[in-house]
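Below is one structure, written out as structure tokens; comments come after it.
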Amino acid sequence: MANKPQIEIEYCTGCRWLLRAAWLAQELLSTFEQDLGAVTLTPGTAGGVFEVRLDGDTVWSREAAGRFPEVKELKQLVRDHVAPGRDLGHVDS
């Protein structure tokens, strides 16, 4: 497990984004259960924070994008890092 990629989802506690973070974590774990070592939810103290990091590198930032990620695009971003070339079925169409 230590050598598999780790995902961290940091979410704003004041904005009550725990359920959104948990839902995205569940989606990623369902899709990449054999490819990921862990998906961690991190309560954030910075107002409005919602970031997804893969092995410490930010792959999605709500602040930078101006919106939350669609599950389709987040799965594609993660796939491109952990399982390049993998077909995600209807998500890729």
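Identifiers in the structure tokens: chain A, B, ... in order shown; residue index from 1 per chain; ligand index from 1 in order shown.
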
Q: Run DSSP on the backbone and grab whatever in chain A lands in helix (DSSP H, G or I); send it over as a VMD selection string.
A: chain A and resid 18 to 31 62 to 65 71 to 82 89 to 92

**Q.** Backbone DSSP call of strand (DSSP E or B) for chain A, listed as a VMD selection string
**A.** chain A and resid 6 to 12 38 to 44 50 to 54 57 to 61

Q.
Which residues are close to A:Thr31, i.e. within 8 Å by only C-alpha atoms, leaving aside same-chain residues fewer than 3 positions away? Reply as a VMD selection string.
A. chain A and resid 27 to 28 75

Q) With only C-alpha atoms as the atoms that count, which of A:Ala22, A:Leu77, A:Val82, A:Ala65 lies nearest to A:Val39? A)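 Under the stated criterion, the closest residue is A:Ala22.
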
Q: Skip A:Val59 itself and residues of its chain fewer than 2 positions away, then list as a PyMOL selection string all residues within 12 Å of it, counting only C-alpha atoms.
A: chain A and resi 7-10+50-57+61-62+64-65+69+73-81

Please produce a file of those selected residues containing N, CA and C atoms, as a short mmCIF file (atom, residue, chain, number, x, y, z; two decimals), in the first residue's frame.
```cif
data_model
loop_
_atom_site.label_atom_id
_atom_site.label_comp_id
_atom_site.auth_asym_id
_atom_site.auth_seq_id
_atom_site.Cartn_x
_atom_site.Cartn_y
_atom_site.Cartn_z
N ILE A 7 -4.28 9.83 -2.37
CA ILE A 7 -5.07 11.02 -2.68
C ILE A 7 -5.51 11.67 -1.37
N GLU A 8 -5.44 12.98 -1.35
CA GLU A 8 -5.94 13.77 -0.21
C GLU A 8 -6.97 14.76 -0.74
N ILE A 9 -8.11 14.81 -0.10
CA ILE A 9 -9.12 15.82 -0.42
C ILE A 9 -9.26 16.72 0.79
N GLU A 10 -8.83 17.97 0.62
CA GLU A 10 -8.95 18.96 1.70
C GLU A 10 -10.19 19.79 1.42
N PHE A 50 -11.06 23.74 -1.24
CA PHE A 50 -11.45 22.42 -1.72
C PHE A 50 -10.39 22.02 -2.74
N GLU A 51 -9.44 21.20 -2.29
CA GLU A 51 -8.33 20.79 -3.14
C GLU A 51 -8.19 19.29 -3.13
N VAL A 52 -7.84 18.76 -4.27
CA VAL A 52 -7.56 17.33 -4.41
C VAL A 52 -6.08 17.21 -4.77
N ARG A 53 -5.36 16.44 -3.95
CA ARG A 53 -3.92 16.26 -4.17
C ARG A 53 -3.62 14.78 -4.39
N LEU A 54 -2.70 14.54 -5.29
CA LEU A 54 -2.24 13.19 -5.57
C LEU A 54 -0.76 13.14 -5.25
N ASP A 55 -0.40 12.36 -4.24
CA ASP A 55 0.98 12.30 -3.74
C ASP A 55 1.55 13.69 -3.48
N GLY A 56 0.71 14.57 -2.92
CA GLY A 56 1.15 15.90 -2.54
C GLY A 56 1.02 16.97 -3.61
N ASP A 57 0.81 16.56 -4.86
CA ASP A 57 0.66 17.52 -5.96
C ASP A 57 -0.82 17.82 -6.19
N SER A 61 -8.03 22.39 -7.77
CA SER A 61 -8.21 23.44 -6.77
C SER A 61 -9.47 24.22 -7.13
N ARG A 62 -10.41 24.26 -6.21
CA ARG A 62 -11.64 25.02 -6.45
C ARG A 62 -11.33 26.50 -6.66
N ALA A 64 -8.54 27.85 -7.94
CA ALA A 64 -7.94 28.07 -9.26
C ALA A 64 -8.96 27.88 -10.38
N ALA A 65 -9.81 26.87 -10.26
CA ALA A 65 -10.77 26.56 -11.32
C ALA A 65 -12.04 27.42 -11.23
N PRO A 69 -14.89 20.21 -9.06
CA PRO A 69 -14.70 19.31 -10.20
C PRO A 69 -15.95 18.47 -10.45
N GLU A 73 -14.42 14.55 -14.74
CA GLU A 73 -13.11 15.14 -14.99
C GLU A 73 -12.11 14.78 -13.89
N LEU A 74 -12.57 14.63 -12.65
CA LEU A 74 -11.67 14.24 -11.58
C LEU A 74 -11.17 12.81 -11.80
N LYS A 75 -12.07 11.92 -12.19
CA LYS A 75 -11.66 10.55 -12.48
C LYS A 75 -10.66 10.51 -13.63
N GLN A 76 -10.87 11.32 -14.65
CA GLN A 76 -9.93 11.36 -15.77
C GLN A 76 -8.56 11.89 -15.34
N LEU A 77 -8.54 12.91 -14.51
CA LEU A 77 -7.27 13.45 -14.00
C LEU A 77 -6.52 12.41 -13.19
N VAL A 78 -7.23 11.73 -12.30
CA VAL A 78 -6.60 10.70 -11.48
C VAL A 78 -6.13 9.54 -12.35
N ARG A 79 -6.96 9.11 -13.28
CA ARG A 79 -6.59 8.03 -14.19
C ARG A 79 -5.31 8.34 -14.96
N ASP A 80 -5.20 9.58 -15.44
CA ASP A 80 -4.02 9.98 -16.22
C ASP A 80 -2.74 9.86 -15.41
N HIS A 81 -2.84 9.92 -14.08
CA HIS A 81 -1.67 9.79 -13.22
C HIS A 81 -1.43 8.37 -12.72
#
```

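Proximity of A:Leu19, A:Leu36, A:Ala46, A:Leu29 to A:Asn3, computed with only C-alpha atoms, is greatest for A:Leu36.
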
Q: Could you tell me which of A:Thr40, A:Gln6, A:Ser30, A:Thr13 comes closest to A:Leu88 if we count only C-alpha atoms?
A: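 Closest candidate: A:Ser30.
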
Identify, on the basis of only C-alpha atoms, every residue whose closest approach to A:Gly14 does not exceed 8 Å; exclude the query and any residue fewer than 4 positions from it along the same chain; express the result as a tab-separated table (two decimals) with C-alpha atoms, in the first residue's frame.
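What follows is the written file selection_18.tsv:
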```tsv
chain	number	residue	atom	x	y	z
A	45	THR	CA	-9.31	25.72	8.09
A	47	GLY	CA	-12.16	29.52	4.08
A	48	GLY	CA	-13.49	28.01	0.89
```

Q: State, in Å with one decimal place, the distance from atom CA of A:Gly85 to atom CA of A:Gln26.
A: 21.9 Å

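What separates atom CA of A:Gly44 from atom CA of A:Lys4 is a distance of 24.2 Å.
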